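To be precise, the following lines are model-v5.pdb, and they hold PDB, C-alpha atoms and all ligand atoms.
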ATOM      1  CA  MET A 947       6.193 -62.579 -33.899
ATOM      2  CA  ILE A 948       9.987 -62.709 -34.119
ATOM      3  CA  ILE A 949      11.873 -59.550 -33.178
ATOM      4  CA  ASP A 950      15.589 -59.094 -33.792
ATOM      5  CA  ASN A 951      16.636 -56.839 -30.930
ATOM      6  CA  HIS A 952      20.102 -56.097 -32.141
ATOM      7  CA  VAL A 953      21.161 -55.393 -35.708
ATOM      8  CA  HIS A 954      23.479 -52.950 -37.475
ATOM      9  CA  LEU A 955      23.417 -51.470 -40.961
ATOM     10  CA  LEU A 956      26.810 -51.965 -42.552
ATOM     11  CA  PHE A 957      28.326 -50.113 -45.483
ATOM     12  CA  GLU A 958      31.715 -48.776 -46.502
ATOM     13  CA  GLU A 959      31.524 -45.559 -44.444
ATOM     14  CA  SER A 960      29.263 -46.849 -41.667
ATOM     15  CA  ASP A 961      32.077 -47.432 -39.192
ATOM     16  CA  PRO A 962      35.789 -46.702 -38.893
ATOM     17  CA  GLN A 963      37.889 -48.891 -41.178
ATOM     18  CA  SER A 964      40.020 -50.028 -38.248
ATOM     19  CA  PHE A 965      36.915 -51.476 -36.558
ATOM     20  CA  LEU A 966      35.510 -53.133 -39.688
ATOM     21  CA  ARG A 967      38.889 -54.693 -40.444
ATOM     22  CA  GLY A 968      39.148 -55.819 -36.810
ATOM     23  CA  CYS A 969      35.780 -57.578 -37.154
ATOM     24  CA  ILE A 970      36.978 -59.275 -40.330
ATOM     25  CA  ARG A 971      40.158 -60.469 -38.615
ATOM     26  CA  THR A 972      37.932 -62.069 -35.960
ATOM     27  CA  GLY A 973      35.842 -63.706 -38.698
ATOM     28  CA  THR A 974      38.969 -64.930 -40.469
ATOM     29  CA  ALA A 975      40.145 -66.641 -37.277
ATOM     30  CA  ILE A 976      36.776 -68.385 -36.954
ATOM     31  CA  PHE A 977      36.851 -69.621 -40.548
ATOM     32  CA  THR A 978      40.359 -71.036 -40.092
ATOM     33  CA  ARG A 979      39.783 -72.734 -36.733
ATOM     34  CA  GLU A 980      40.692 -76.142 -38.083
ATOM     35  CA  SER A 981      43.683 -75.285 -40.205
ATOM     36  CA  GLY A 982      44.935 -72.324 -38.175
ATOM     37  CA  GLN A 983      45.982 -70.629 -41.401
ATOM     38  CA  GLY A 984      44.983 -69.812 -44.922
ATOM     39  CA  ALA A 985      42.241 -67.160 -45.015
ATOM     40  CA  ASP A 986      43.018 -63.736 -46.382
ATOM     41  CA  PRO A 987      41.425 -60.956 -44.257
ATOM     42  CA  ASP A 988      41.543 -58.473 -47.144
ATOM     43  CA  ALA A 989      39.726 -60.871 -49.476
ATOM     44  CA  LEU A 990      37.162 -61.671 -46.776
ATOM     45  CA  TYR A 991      36.635 -57.935 -46.205
ATOM     46  CA  GLU A 992      36.014 -57.268 -49.905
ATOM     47  CA  ASN A 993      33.676 -60.263 -50.246
ATOM     48  CA  SER A 994      31.773 -59.439 -47.064
ATOM     49  CA  MET A 995      31.249 -55.799 -47.991
ATOM     50  CA  ALA A 996      30.065 -56.798 -51.470
ATOM     51  CA  ILE A 997      27.465 -59.099 -49.933
ATOM     52  CA  LEU A 998      26.444 -57.111 -46.846
ATOM     53  CA  SER A 999      26.851 -53.423 -47.727
ATOM     54  CA  ASP A1000      23.375 -52.053 -47.126
ATOM     55  CA  ARG A1001      22.889 -48.340 -46.532
ATOM     56  CA  GLU A1002      19.080 -48.372 -46.787
ATOM     57  CA  GLY A1003      18.234 -51.674 -45.113
ATOM     58  CA  ASP A1004      16.954 -53.434 -48.272
ATOM     59  CA  LYS A1005      19.257 -56.444 -47.884
ATOM     60  CA  LEU A1006      18.487 -56.642 -44.174
ATOM     61  CA  VAL A1007      14.739 -56.798 -44.799
ATOM     62  CA  ALA A1008      15.255 -59.457 -47.500
ATOM     63  CA  ARG A1009      17.218 -61.559 -44.985
ATOM     64  CA  MET A1010      14.497 -60.954 -42.378
ATOM     65  CA  ASP A1011      11.881 -62.204 -44.862
ATOM     66  CA  GLU A1012      13.900 -65.340 -45.510
ATOM     67  CA  ALA A1013      14.333 -65.955 -41.763
ATOM     68  CA  GLY A1014      10.765 -65.100 -40.754
ATOM     69  CA  ILE A1015      11.858 -62.114 -38.637
ATOM     70  CA  ASP A1016       9.011 -59.589 -38.381
ATOM     71  CA  ARG A1017      10.777 -56.600 -36.848
ATOM     72  CA  ALA A1018      14.368 -55.528 -36.226
ATOM     73  CA  ILE A1019      15.884 -52.836 -34.069
ATOM     74  CA  LEU A1020      18.769 -50.937 -35.643
ATOM     75  CA  LEU A1021      21.554 -49.938 -33.270
ATOM     76  CA  PRO A1022      23.778 -47.261 -34.849
ATOM     77  CA  LEU A1023      27.322 -47.426 -33.504
ATOM     78  CA  ASP A1024      29.357 -44.342 -32.658
ATOM     79  CA  LEU A1025      32.860 -45.767 -32.423
ATOM     80  CA  GLY A1026      34.993 -42.902 -33.746
ATOM     81  CA  LEU A1027      36.479 -41.900 -30.402
ATOM     82  CA  GLY A1028      37.595 -45.488 -29.816
ATOM     83  CA  CYS A1029      39.181 -45.705 -33.254
ATOM     84  CA  SER A1030      41.247 -42.507 -33.287
ATOM     85  CA  GLU A1031      38.345 -40.615 -34.919
ATOM     86  CA  PRO A1032      39.140 -41.268 -38.573
ATOM     87  CA  ALA A1033      37.103 -38.366 -39.915
ATOM     88  CA  VAL A1034      40.174 -36.692 -41.379
ATOM     89  CA  THR A1035      41.688 -39.768 -42.982
ATOM     90  CA  GLU A1036      38.617 -41.536 -44.305
ATOM     91  CA  PRO A1037      36.632 -39.707 -46.974
ATOM     92  CA  GLY A1038      32.920 -39.909 -46.366
ATOM     93  CA  TYR A1039      33.216 -41.004 -42.731
ATOM     94  CA  LEU A1040      29.857 -40.319 -41.125
ATOM     95  CA  ASN A1041      29.503 -38.398 -37.898
ATOM     96  CA  ALA A1042      27.094 -39.591 -35.224
ATOM     97  CA  ALA A1043      24.233 -37.322 -36.284
ATOM     98  CA  GLU A1044      24.452 -38.326 -39.964
ATOM     99  CA  LYS A1045      24.620 -41.975 -39.064
ATOM    100  CA  ASN A1046      21.582 -41.805 -36.795
ATOM    101  CA  ARG A1047      19.667 -39.859 -39.427
ATOM    102  CA  LEU A1048      20.441 -42.528 -42.034
ATOM    103  CA  SER A1049      19.215 -45.169 -39.614
ATOM    104  CA  PHE A1050      15.949 -43.262 -39.257
ATOM    105  CA  GLU A1051      15.642 -43.051 -43.055
ATOM    106  CA  ALA A1052      15.948 -46.841 -43.262
ATOM    107  CA  THR A1053      13.100 -47.174 -40.742
ATOM    108  CA  GLN A1054      10.974 -44.849 -42.873
ATOM    109  CA  ARG A1055      11.760 -46.815 -46.027
ATOM    110  CA  HIS A1056      10.851 -50.063 -44.247
ATOM    111  CA  SER A1057       8.066 -48.798 -42.034
ATOM    112  CA  GLY A1058       6.749 -51.385 -39.587
ATOM    113  CA  ARG A1059       9.765 -53.663 -40.132
ATOM    114  CA  LEU A1060      12.758 -51.592 -39.000
ATOM    115  CA  PHE A1061      12.987 -49.454 -35.862
ATOM    116  CA  THR A1062      15.976 -47.567 -34.516
ATOM    117  CA  TYR A1063      17.689 -46.661 -31.292
ATOM    118  CA  LEU A1064      19.973 -43.630 -31.018
ATOM    119  CA  GLY A1065      23.665 -44.475 -30.804
ATOM    120  CA  VAL A1066      26.064 -41.880 -29.449
ATOM    121  CA  ASP A1067      29.318 -41.762 -27.507
ATOM    122  CA  PRO A1068      28.512 -39.887 -24.276
ATOM    123  CA  ARG A1069      31.868 -38.091 -24.469
ATOM    124  CA  ARG A1070      30.722 -36.163 -27.523
ATOM    125  CA  ARG A1071      29.717 -32.577 -27.028
ATOM    126  CA  GLY A1072      26.010 -32.445 -27.750
ATOM    127  CA  ALA A1073      25.381 -36.138 -27.020
ATOM    128  CA  ALA A1074      22.306 -35.363 -24.913
ATOM    129  CA  ALA A1075      20.983 -32.933 -27.535
ATOM    130  CA  LEU A1076      21.419 -35.598 -30.212
ATOM    131  CA  PHE A1077      19.474 -38.111 -28.128
ATOM    132  CA  ARG A1078      16.665 -35.582 -27.655
ATOM    133  CA  ARG A1079      16.679 -34.914 -31.389
ATOM    134  CA  GLY A1080      16.378 -38.644 -31.998
ATOM    135  CA  LEU A1081      13.363 -38.873 -29.725
ATOM    136  CA  GLU A1082      11.705 -35.802 -31.243
ATOM    137  CA  GLU A1083      12.569 -36.157 -34.951
ATOM    138  CA  TRP A1084      13.704 -39.714 -35.617
ATOM    139  CA  GLN A1085      11.221 -41.846 -33.619
ATOM    140  CA  THR A1086      14.087 -43.255 -31.568
ATOM    141  CA  LYS A1087      12.951 -46.260 -29.516
ATOM    142  CA  GLY A1088      15.883 -46.377 -27.100
ATOM    143  CA  LEU A1089      19.541 -45.541 -26.489
ATOM    144  CA  LYS A1090      22.561 -47.595 -27.561
ATOM    145  CA  LEU A1091      25.873 -47.168 -25.742
ATOM    146  CA  HIS A1092      29.089 -48.879 -26.740
ATOM    147  CA  PRO A1093      31.522 -48.575 -23.820
ATOM    148  CA  ALA A1094      34.219 -50.626 -25.598
ATOM    149  CA  ALA A1095      34.938 -47.392 -27.511
ATOM    150  CA  GLY A1096      36.630 -46.154 -24.342
ATOM    151  CA  PHE A1097      34.294 -45.139 -21.506
ATOM    152  CA  TYR A1098      32.620 -46.861 -18.582
ATOM    153  CA  PRO A1099      28.829 -47.000 -18.573
ATOM    154  CA  HIS A1100      28.698 -45.913 -14.928
ATOM    155  CA  ASP A1101      30.806 -42.815 -15.631
ATOM    156  CA  PRO A1102      28.708 -39.811 -14.501
ATOM    157  CA  LEU A1103      29.092 -38.279 -17.961
ATOM    158  CA  CYS A1104      26.520 -40.863 -19.120
ATOM    159  CA  ASN A1105      23.941 -39.744 -16.564
ATOM    160  CA  PRO A1106      22.267 -37.031 -18.677
ATOM    161  CA  LEU A1107      21.559 -39.683 -21.318
ATOM    162  CA  TYR A1108      20.084 -42.080 -18.746
ATOM    163  CA  GLU A1109      17.900 -39.313 -17.366
ATOM    164  CA  ILE A1110      16.536 -38.539 -20.836
ATOM    165  CA  ALA A1111      15.826 -42.248 -21.434
ATOM    166  CA  LEU A1112      14.033 -42.475 -18.109
ATOM    167  CA  GLU A1113      11.964 -39.366 -18.846
ATOM    168  CA  ALA A1114      11.060 -40.701 -22.314
ATOM    169  CA  GLY A1115      10.321 -44.184 -20.962
ATOM    170  CA  VAL A1116      12.661 -45.937 -23.411
ATOM    171  CA  PRO A1117      15.211 -48.691 -22.726
ATOM    172  CA  VAL A1118      18.976 -48.467 -22.927
ATOM    173  CA  VAL A1119      21.064 -51.200 -24.520
ATOM    174  CA  ILE A1120      24.683 -51.323 -23.415
ATOM    175  CA  HIS A1121      27.282 -53.429 -25.190
ATOM    176  CA  SER A1122      28.966 -55.990 -22.985
ATOM    177  CA  GLY A1123      31.592 -58.620 -23.612
ATOM    178  CA  THR A1124      34.356 -58.928 -26.133
ATOM    179  CA  GLU A1125      34.976 -56.718 -29.150
ATOM    180  CA  PRO A1126      37.444 -56.889 -32.048
ATOM    181  CA  ALA A1127      40.408 -54.504 -32.140
ATOM    182  CA  PRO A1128      40.826 -51.596 -31.789
ATOM    183  CA  LEU A1129      38.016 -51.651 -29.202
ATOM    184  CA  LYS A1130      38.719 -52.807 -25.661
ATOM    185  CA  ALA A1131      36.574 -55.246 -23.710
ATOM    186  CA  HIS A1132      37.450 -54.180 -20.174
ATOM    187  CA  PHE A1133      35.080 -51.205 -20.423
ATOM    188  CA  SER A1134      32.304 -53.678 -21.226
ATOM    189  CA  GLN A1135      32.283 -55.989 -18.229
ATOM    190  CA  PRO A1136      28.701 -56.431 -16.995
ATOM    191  CA  CYS A1137      29.558 -55.321 -13.434
ATOM    192  CA  TYR A1138      29.829 -51.724 -14.683
ATOM    193  CA  ILE A1139      26.316 -51.951 -16.112
ATOM    194  CA  ASP A1140      25.153 -53.179 -12.715
ATOM    195  CA  ALA A1141      26.259 -49.843 -11.265
ATOM    196  CA  VAL A1142      23.945 -48.027 -13.706
ATOM    197  CA  ALA A1143      21.062 -50.348 -12.830
ATOM    198  CA  ALA A1144      21.675 -49.557  -9.157
ATOM    199  CA  ASP A1145      21.584 -45.796  -9.703
ATOM    200  CA  TYR A1146      18.564 -45.964 -12.049
ATOM    201  CA  PRO A1147      16.306 -48.767 -10.764
ATOM    202  CA  ASP A1148      13.420 -47.674 -12.996
ATOM    203  CA  LEU A1149      15.511 -47.594 -16.181
ATOM    204  CA  LYS A1150      15.232 -50.714 -18.315
ATOM    205  CA  ILE A1151      18.734 -51.748 -19.359
ATOM    206  CA  ILE A1152      19.641 -54.512 -21.801
ATOM    207  CA  ILE A1153      23.038 -56.151 -21.258
ATOM    208  CA  ALA A1154      23.896 -56.778 -24.902
ATOM    209  CA  HIS A1155      25.251 -60.218 -25.790
ATOM    210  CA  CYS A1156      24.596 -61.301 -22.185
ATOM    211  CA  GLY A1157      28.238 -60.349 -21.611
ATOM    212  CA  HIS A1158      29.497 -63.165 -23.919
ATOM    213  CA  GLY A1159      32.138 -64.926 -21.754
ATOM    214  CA  TRP A1160      30.898 -62.938 -18.752
ATOM    215  CA  TRP A1161      27.427 -64.491 -19.109
ATOM    216  CA  ARG A1162      27.397 -65.926 -15.584
ATOM    217  CA  GLU A1163      28.237 -62.497 -14.195
ATOM    218  CA  ALA A1164      25.543 -60.893 -16.361
ATOM    219  CA  LEU A1165      22.915 -63.378 -15.190
ATOM    220  CA  ASP A1166      23.888 -63.038 -11.528
ATOM    221  CA  LEU A1167      23.581 -59.274 -11.788
ATOM    222  CA  ALA A1168      20.236 -59.467 -13.569
ATOM    223  CA  LEU A1169      19.019 -61.917 -10.955
ATOM    224  CA  SER A1170      19.457 -59.226  -8.317
ATOM    225  CA  LYS A1171      18.222 -56.289 -10.397
ATOM    226  CA  PRO A1172      14.916 -56.744 -12.208
ATOM    227  CA  ASN A1173      15.535 -53.719 -14.439
ATOM    228  CA  LEU A1174      18.311 -55.653 -16.215
ATOM    229  CA  TYR A1175      17.591 -57.625 -19.409
ATOM    230  CA  VAL A1176      19.950 -59.693 -21.550
ATOM    231  CA  ASP A1177      20.113 -60.251 -25.293
ATOM    232  CA  PHE A1178      21.796 -63.248 -26.899
ATOM    233  CA  SER A1179      22.753 -61.529 -30.136
ATOM    234  CA  GLY A1180      26.176 -62.234 -31.572
ATOM    235  CA  TRP A1181      26.330 -65.732 -30.083
ATOM    236  CA  GLN A1182      26.819 -67.187 -33.563
ATOM    237  CA  LEU A1183      30.532 -67.175 -32.700
ATOM    238  CA  GLU A1184      30.029 -69.490 -29.729
ATOM    239  CA  TYR A1185      27.275 -71.506 -31.459
ATOM    240  CA  SER A1186      29.475 -72.173 -34.494
ATOM    241  CA  GLY A1187      32.065 -73.704 -32.160
ATOM    242  CA  ARG A1188      29.498 -75.985 -30.497
ATOM    243  CA  PRO A1189      25.720 -75.392 -30.345
ATOM    244  CA  ASP A1190      25.569 -76.077 -26.601
ATOM    245  CA  TYR A1191      27.827 -73.069 -26.017
ATOM    246  CA  LEU A1192      24.625 -71.146 -26.864
ATOM    247  CA  TYR A1193      22.006 -73.461 -25.383
ATOM    248  CA  ARG A1194      23.558 -73.831 -21.940
ATOM    249  CA  PRO A1195      23.699 -70.064 -21.154
ATOM    250  CA  LEU A1196      20.332 -69.492 -22.837
ATOM    251  CA  ARG A1197      18.743 -72.226 -20.687
ATOM    252  CA  ALA A1198      20.386 -70.733 -17.580
ATOM    253  CA  ALA A1199      19.103 -67.252 -18.474
ATOM    254  CA  ILE A1200      15.507 -68.450 -18.843
ATOM    255  CA  ASP A1201      15.747 -70.525 -15.654
ATOM    256  CA  LEU A1202      17.155 -67.667 -13.591
ATOM    257  CA  LEU A1203      15.381 -64.607 -15.023
ATOM    258  CA  GLY A1204      12.307 -66.113 -16.640
ATOM    259  CA  PRO A1205      11.762 -65.641 -20.386
ATOM    260  CA  TRP A1206      10.503 -62.047 -20.210
ATOM    261  CA  ARG A1207      13.964 -60.548 -19.685
ATOM    262  CA  VAL A1208      15.762 -62.662 -22.286
ATOM    263  CA  LEU A1209      15.847 -61.348 -25.857
ATOM    264  CA  PHE A1210      16.649 -62.777 -29.274
ATOM    265  CA  GLY A1211      18.983 -60.949 -31.655
ATOM    266  CA  THR A1212      21.325 -61.506 -34.563
ATOM    267  CA  ASP A1213      23.923 -58.723 -34.193
ATOM    268  CA  GLY A1214      23.875 -58.758 -37.990
ATOM    269  CA  SER A1215      25.023 -57.964 -40.460
ATOM    270  CA  LEU A1216      28.638 -59.114 -39.951
ATOM    271  CA  THR A1217      27.566 -62.166 -37.927
ATOM    272  CA  ASP A1218      25.448 -63.221 -40.929
ATOM    273  CA  ILE A1219      28.607 -64.483 -42.636
ATOM    274  CA  ILE A1220      29.122 -66.940 -39.738
ATOM    275  CA  VAL A1221      25.504 -68.140 -39.370
ATOM    276  CA  PRO A1222      22.899 -66.647 -41.783
ATOM    277  CA  PRO A1223      19.755 -65.295 -40.048
ATOM    278  CA  HIS A1224      17.459 -68.064 -41.341
ATOM    279  CA  GLU A1225      19.797 -70.655 -39.829
ATOM    280  CA  TRP A1226      20.118 -68.622 -36.629
ATOM    281  CA  VAL A1227      16.334 -68.487 -36.200
ATOM    282  CA  LYS A1228      16.169 -72.229 -36.857
ATOM    283  CA  ALA A1229      18.874 -72.827 -34.238
ATOM    284  CA  TRP A1230      16.583 -71.124 -31.687
ATOM    285  CA  ARG A1231      13.283 -72.630 -32.830
ATOM    286  CA  GLU A1232      14.560 -76.187 -33.246
ATOM    287  CA  PRO A1233      17.489 -76.555 -30.860
ATOM    288  CA  GLN A1234      19.759 -79.515 -31.513
ATOM    289  CA  SER A1235      21.524 -79.898 -28.184
ATOM    290  CA  ALA A1236      24.029 -82.713 -27.723
ATOM    291  CA  ALA A1237      23.479 -82.386 -23.964
ATOM    292  CA  GLY A1238      19.706 -82.725 -24.270
ATOM    293  CA  ILE A1239      19.031 -79.097 -23.320
ATOM    294  CA  SER A1240      15.485 -78.214 -24.333
ATOM    295  CA  PHE A1241      13.098 -75.270 -24.356
ATOM    296  CA  ALA A1242       9.325 -75.147 -24.114
ATOM    297  CA  ALA A1243       7.509 -73.696 -27.117
ATOM    298  CA  GLU A1244       5.966 -71.007 -24.835
ATOM    299  CA  GLU A1245       9.428 -69.977 -23.600
ATOM    300  CA  LEU A1246      10.765 -69.672 -27.136
ATOM    301  CA  ALA A1247       7.758 -67.619 -28.256
ATOM    302  CA  ILE A1248       8.451 -65.103 -25.488
ATOM    303  CA  VAL A1249      12.206 -64.974 -25.981
ATOM    304  CA  LEU A1250      11.961 -64.724 -29.773
ATOM    305  CA  GLY A1251       9.452 -61.891 -29.751
ATOM    306  CA  GLY A1252       7.008 -61.592 -26.862
ATOM    307  CA  ALA A1253       9.499 -60.128 -24.429
ATOM    308  CA  ALA A1254      10.727 -57.501 -26.895
ATOM    309  CA  ALA A1255       7.167 -56.625 -27.897
ATOM    310  CA  ARG A1256       6.282 -56.005 -24.251
ATOM    311  CA  LEU A1257       9.479 -54.036 -23.640
ATOM    312  CA  HIS A1258       8.681 -51.698 -26.540
ATOM    313  CA  GLY A1259       4.934 -51.503 -25.921
ATOM    314  CA  TRP A1260       4.074 -53.441 -29.089
ATOM    315  CA  ASP A1261       1.923 -56.118 -27.492
TER     316      ASP A1261
HETATM  317 ZN    ZN A1301      26.095 -55.245 -31.966
END
Could you write out this file's structure as structure tokens?
Amino acid sequence: MIIDNHVHLLFEESDPQSFLRGCIRTGTAIFTRESGQGADPDALYENSMAILSDREGDKLVARMDEAGIDRAILLPLDLGLGCSEPAVTEPGYLNAAEKNRLSFEATQRHSGRLFTYLGVDPRRRGAAALFRRGLEEWQTKGLKLHPAAGFYPHDPLCNPLYEIALEAGVPVVIHSGTEPAPLKAHFSQPCYIDAVAADYPDLKIIIAHCGHGWWREALDLALSKPNLYVDFSGWQLEYSGRPDYLYRPLRAAIDLLGPWRVLFGTDGSLTDIIVPPHEWVKAWREPQSAAGISFAAEELAIVLGGAAARLHGWD
């Protein structure tokens, strides 16, 4: 079984325009690595939205079918407070409750294939109530926090959310590593997640993206705290530069933590324009490492699905 631990539904009003355009500027820079010029971010935005816009998850499930991905976990983002809350200026902008409800509807439409966490900014009034509502009404499987929107994950204002997750027995995934403008990476350094793992040793916490450039820090922290997990979603950026930029950290993660705390993910849908999911799955299943880095079939089976199945009680 292959489980994508980290995916987002994207559509015109899904996230603040400033964030979506920031993501596209990042993508534009990747596509023009060699020439250093030439791509038009506005054209790439229009093309990407035309291809990826997917309010109900139909395109996501079609891409999962093509890639052989059995299940995917939707992580709704609540980025408004980090993007000057565009509710007034952007018609149709979705608040956190509406967005999480839509995510639940996609899981109902694609029952057995899509599952959802609850994404909320802990600074919002009613954040804890929304998380409880997710658990009671929307079959929420965990909590997603995105500190790059402007808060630290070890800020005590997050504690009520961690306590609810602990009580419900569900994991928390916390973004770590870089983010396009207008979000700020310094809130997302793995060391701040370590502080949460210290205060809540029984709470299972996934360091999303294994911290990207902070991957050594993320692995060191997880080595000392067995309630920390890492996912390697969003590493298409590094992989597209050189495949071993993925394989070296992935090998280190499995060597240091064992395969059961290392999770596969795409971070789609925007990353799908860099490496489509079927190619991403192939990159994991049939690694082509210039440095001769290799993975046992048993390790890959766990990382691609077994670990996530155990984490969510699906095995
Ligand atoms: Zn993500």
*Give me the result of the PyMOL selection byres (((not hetatm)) within 8 of (chain A and resi 1301)) on this file, residue by residue, as a ChimeraX atom specification.*
/A:952-954,1021,1121,1154-1155,1179-1180,1213-1214
*To one decimal in Å, tell me the separation between CA of Pro1195 in chain A and CA of Ile1152 in chain A.*
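Answer for the CA of Pro1195 in chain A to CA of Ile1152 in chain A separation: 16.1 Å.
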Quick check on the file I pasted: which residues fall under the PyMOL selection byres (((chain A and resi 1080) around 10) and not hetatm)? Write them as an mmCIF file with C-alpha atoms, keeping the file's coordinate frame.
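Now in out01.cif:
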data_model
loop_
_atom_site.group_PDB
_atom_site.id
_atom_site.type_symbol
_atom_site.label_atom_id
_atom_site.label_comp_id
_atom_site.auth_asym_id
_atom_site.auth_seq_id
_atom_site.Cartn_x
_atom_site.Cartn_y
_atom_site.Cartn_z
ATOM 1 C CA ALA A 1043 24.233 -37.322 -36.284
ATOM 2 C CA ASN A 1046 21.582 -41.805 -36.795
ATOM 3 C CA ARG A 1047 19.667 -39.859 -39.427
ATOM 4 C CA PHE A 1050 15.949 -43.262 -39.257
ATOM 5 C CA THR A 1062 15.976 -47.567 -34.516
ATOM 6 C CA TYR A 1063 17.689 -46.661 -31.292
ATOM 7 C CA LEU A 1064 19.973 -43.630 -31.018
ATOM 8 C CA GLY A 1065 23.665 -44.475 -30.804
ATOM 9 C CA ALA A 1074 22.306 -35.363 -24.913
ATOM 10 C CA ALA A 1075 20.983 -32.933 -27.535
ATOM 11 C CA LEU A 1076 21.419 -35.598 -30.212
ATOM 12 C CA PHE A 1077 19.474 -38.111 -28.128
ATOM 13 C CA ARG A 1078 16.665 -35.582 -27.655
ATOM 14 C CA ARG A 1079 16.679 -34.914 -31.389
ATOM 15 C CA LEU A 1081 13.363 -38.873 -29.725
ATOM 16 C CA GLU A 1082 11.705 -35.802 -31.243
ATOM 17 C CA GLU A 1083 12.569 -36.157 -34.951
ATOM 18 C CA TRP A 1084 13.704 -39.714 -35.617
ATOM 19 C CA GLN A 1085 11.221 -41.846 -33.619
ATOM 20 C CA THR A 1086 14.087 -43.255 -31.568
ATOM 21 C CA LYS A 1087 12.951 -46.260 -29.516
ATOM 22 C CA GLY A 1088 15.883 -46.377 -27.100
ATOM 23 C CA LEU A 1089 19.541 -45.541 -26.489
#
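The nearest approach to Gly1251 in chain A among the residues A:Ala975, A:Trp1181, A:Gly1014, A:Pro1172, with all atoms listed in the file taken into account, belongs to A:Gly1014.
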*Mind checking which residues fall within 8 Å of Leu1023 in chain A, counting all atoms listed in the file, ignoring those fewer than 5 positions away in the same chain, and posting them as a PyMOL selection string?*
chain A and resi 954+961+1065-1066+1090-1092
*Point out the residue among A:Ile1219, A:Arg979, A:Arg1009, A:Gln1135 with the least atom-to-atom distance to Tyr991 in chain A, counting only C-alpha atoms.*
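Using only C-alpha atoms, the shortest distance to Tyr991 in chain A belongs to A:Ile1219.
Once the PyMOL selection byres (((chain A and resi 1247-1250) around 8) and not hetatm) is applied to the shown structure, the selection contains Met947, Ile948, Ile949, Asp950, Pro1205, Trp1206, Arg1207, Val1208, Leu1209, Phe1210, Ala1243, Glu1244, Glu1245, Leu1246, Gly1251, Gly1252, Ala1253 and Ala1254 of chain A.
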*To one decimal in Å, tell me the separation between CA of Leu966 in chain A and CA of Glu992 in chain A.*
11.0 Å
*Pick out the closest residue to Pro1126 in chain A from this set: A:Ala1094, A:Leu1006, A:Leu956, A:Ala1198. Count only C-alpha atoms.*
A:Ala1094
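Taking CA of Lys1150 in chain A and CA of Asp1201 in chain A as the two end points, the separation is 20.0 Å.
Minimum distance to Lys1005 in chain A across A:Tyr1098, A:Gln1054, A:Leu1203, A:Ser1215 (counting all atoms listed in the file) occurs at A:Ser1215.
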*asked:* Here is a test: counting all atoms listed in the file, which residue of A:Ile1019, A:Ala1095, A:Glu1109, A:Asp1218 is nearest to His1056 in chain A?
replied: A:Ile1019
Residue neighbourhood Ser1030 in chain A, 10 Å, only C-alpha atoms, exclusion window fewer than 6 positions, as a tab-separated table (two decimals) with C-alpha atoms, keeping the file's coordinate frame:
chain	number	residue	atom	x	y	z
A	962	PRO	CA	35.79	-46.70	-38.89
A	964	SER	CA	40.02	-50.03	-38.25
A	1095	ALA	CA	34.94	-47.39	-27.51
A	1128	PRO	CA	40.83	-51.60	-31.79
*Skip Arg1059 in chain A itself and residues of its chain fewer than 2 positions away, then list as a PyMOL selection string all residues within 8 Å of it, counting all atoms listed in the file.*
chain A and resi 1007+1016-1018+1053+1056-1057+1061
*Which of these residues is nearest to Asn1041 in chain A, using only C-alpha atoms: A:Ala1127, A:Leu1020, A:Ala1073, A:Ala1229?*
A:Ala1073
*asked:* Env of Leu1216 in chain A: 9 Å cut, atoms = only C-alpha atoms, seq-sep filter 5 positions within chain, self excluded. Answer as an NGL selection string.
replied: :A and (954 or 956 or 969-970 or 973 or 994 or 998)
